[in-house]
Amino acid sequence: MRRVHPIETESYRIMRELVDLSDFGPLSRAVAERVIHASADLEYAETLVLDEESLRNGLEALSNGAPVVADVGMVAAGITGRETLCLVSNPRARKLSEESGITRSAAGFRIAASEVGSGAVWVVGNAPTALFELLELDVDPVLVIGLPVGFVGAVESKERLIESELPAVANHGRKGGSAVATAALNALIYYEED
């Protein structure tokens, strides 16, 4: 069982005074709160794209041991309580990246797709190229957390994810990152119904 430190409890209390998420469904609220807490950025209350049914399916899949695939090591390291598959540093990804002219994150996702098959949870917090690659692959994800950060490709990759109608957590704009993506997934891993 996860023990919550008093500082975290106080931080959530302050955040809840600053932003009203009462219109969100319970899972959407849990994800939004953890993302806002991780980033101290209240704008996520307006920019996150959340779907309660997709989150419920993701939660159920995680509870049943669905594989989790991460784009980069920082995302994998931030996912607590679950093993993840992250191939960005794998020699096979390095080789595929060099041969195909794609990033190692995209190469890692291409390789992971052949290993995990359908029903995985995919988490992108850093590499828009990995998200673009995922959108081109023949996979049937149970949930995609697509929250890459940056000035090149981040906005476009997230908008394509939203338009794809895949079950997803995303946001509009340049903001995102490893901490935000892992916060979204950890919200589901540690979700407890009242």
# chains A, B, ... in the order shown; residues from 1 in each chain; ligands from 1

call {"tool": "residues_around", "arguments": {"residues": "Tyr191 in chain A", "least_positions_apart": "6", "cutoff": "12 Å", "atoms": "only C-alpha atoms", "output": "VMD selection string"}}
result
chain A and resid 1 to 2 26 to 31 33 to 34 55 to 56 58 to 60 62 to 63 183 to 185

call {"tool": "select_by_dssp", "arguments": {"residues": "range 4-192 of chain A", "states": "strand (DSSP E)", "output": "short mmCIF file (atom, residue, chain, number, x, y, z; two decimals) with C-alpha atoms, in the first residue's frame"}}
result
data_model
loop_
_atom_site.label_atom_id
_atom_site.label_comp_id
_atom_site.auth_asym_id
_atom_site.auth_seq_id
_atom_site.Cartn_x
_atom_site.Cartn_y
_atom_site.Cartn_z
CA LEU A 48 -6.00 18.07 -20.95
CA VAL A 49 -8.09 15.82 -23.19
CA VAL A 68 3.33 -0.73 -20.28
CA VAL A 69 5.63 0.69 -22.96
CA ALA A 70 7.56 3.93 -22.37
CA VAL A 121 -0.60 0.93 -22.43
CA TRP A 122 1.80 3.25 -24.32
CA VAL A 123 3.31 6.26 -22.53
CA VAL A 124 4.99 9.15 -24.36
CA LEU A 143 -4.62 3.40 -23.75
CA VAL A 144 -2.10 5.90 -25.10
CA ILE A 145 -0.78 8.57 -22.77
CA GLY A 146 0.58 11.05 -25.27
CA ALA A 168 -5.90 8.44 -25.04
CA VAL A 169 -4.77 11.03 -22.56
CA ALA A 170 -3.36 14.07 -24.30
CA ASN A 171 -3.30 17.83 -24.09
#

call {"tool": "closest_residue", "arguments": {"among": "A:Ala77, A:Ala130, A:Ala66, A:Ala32", "to": "Glu52 in chain A", "atoms": "only C-alpha atoms"}}
result
A:Ala32

call {"tool": "residues_around", "arguments": {"residues": "Leu42 in chain A", "least_positions_apart": "5", "cutoff": "10 Å", "atoms": "only C-alpha atoms", "output": "ChimeraX atom specification"}}
result
/A:15,18-20,32-33,35-37,47

call {"tool": "write_last_selection", "arguments": {"atoms": "C-alpha atoms", "output": "compact mmCIF listing (two decimals), in the first residue's frame"}}
result
# COMPACT_ATOMS: atom_id res chain seq x y z
CA MET A 15 -4.08 22.76 -5.45
CA LEU A 18 -6.74 26.92 -6.73
CA VAL A 19 -8.52 24.86 -9.38
CA ASP A 20 -12.01 23.38 -9.58
CA ALA A 32 -5.80 15.87 -13.92
CA GLU A 33 -4.96 16.34 -10.25
CA VAL A 35 -0.69 15.99 -13.65
CA ILE A 36 -1.29 19.42 -12.13
CA HIS A 37 0.43 18.38 -8.92
CA THR A 47 -5.83 21.75 -21.90

call {"tool": "closest_residue", "arguments": {"among": "A:Ile162, A:Cys86, A:Ile7, A:Met74", "to": "Val180 in chain A", "atoms": "only C-alpha atoms"}}
result
A:Met74
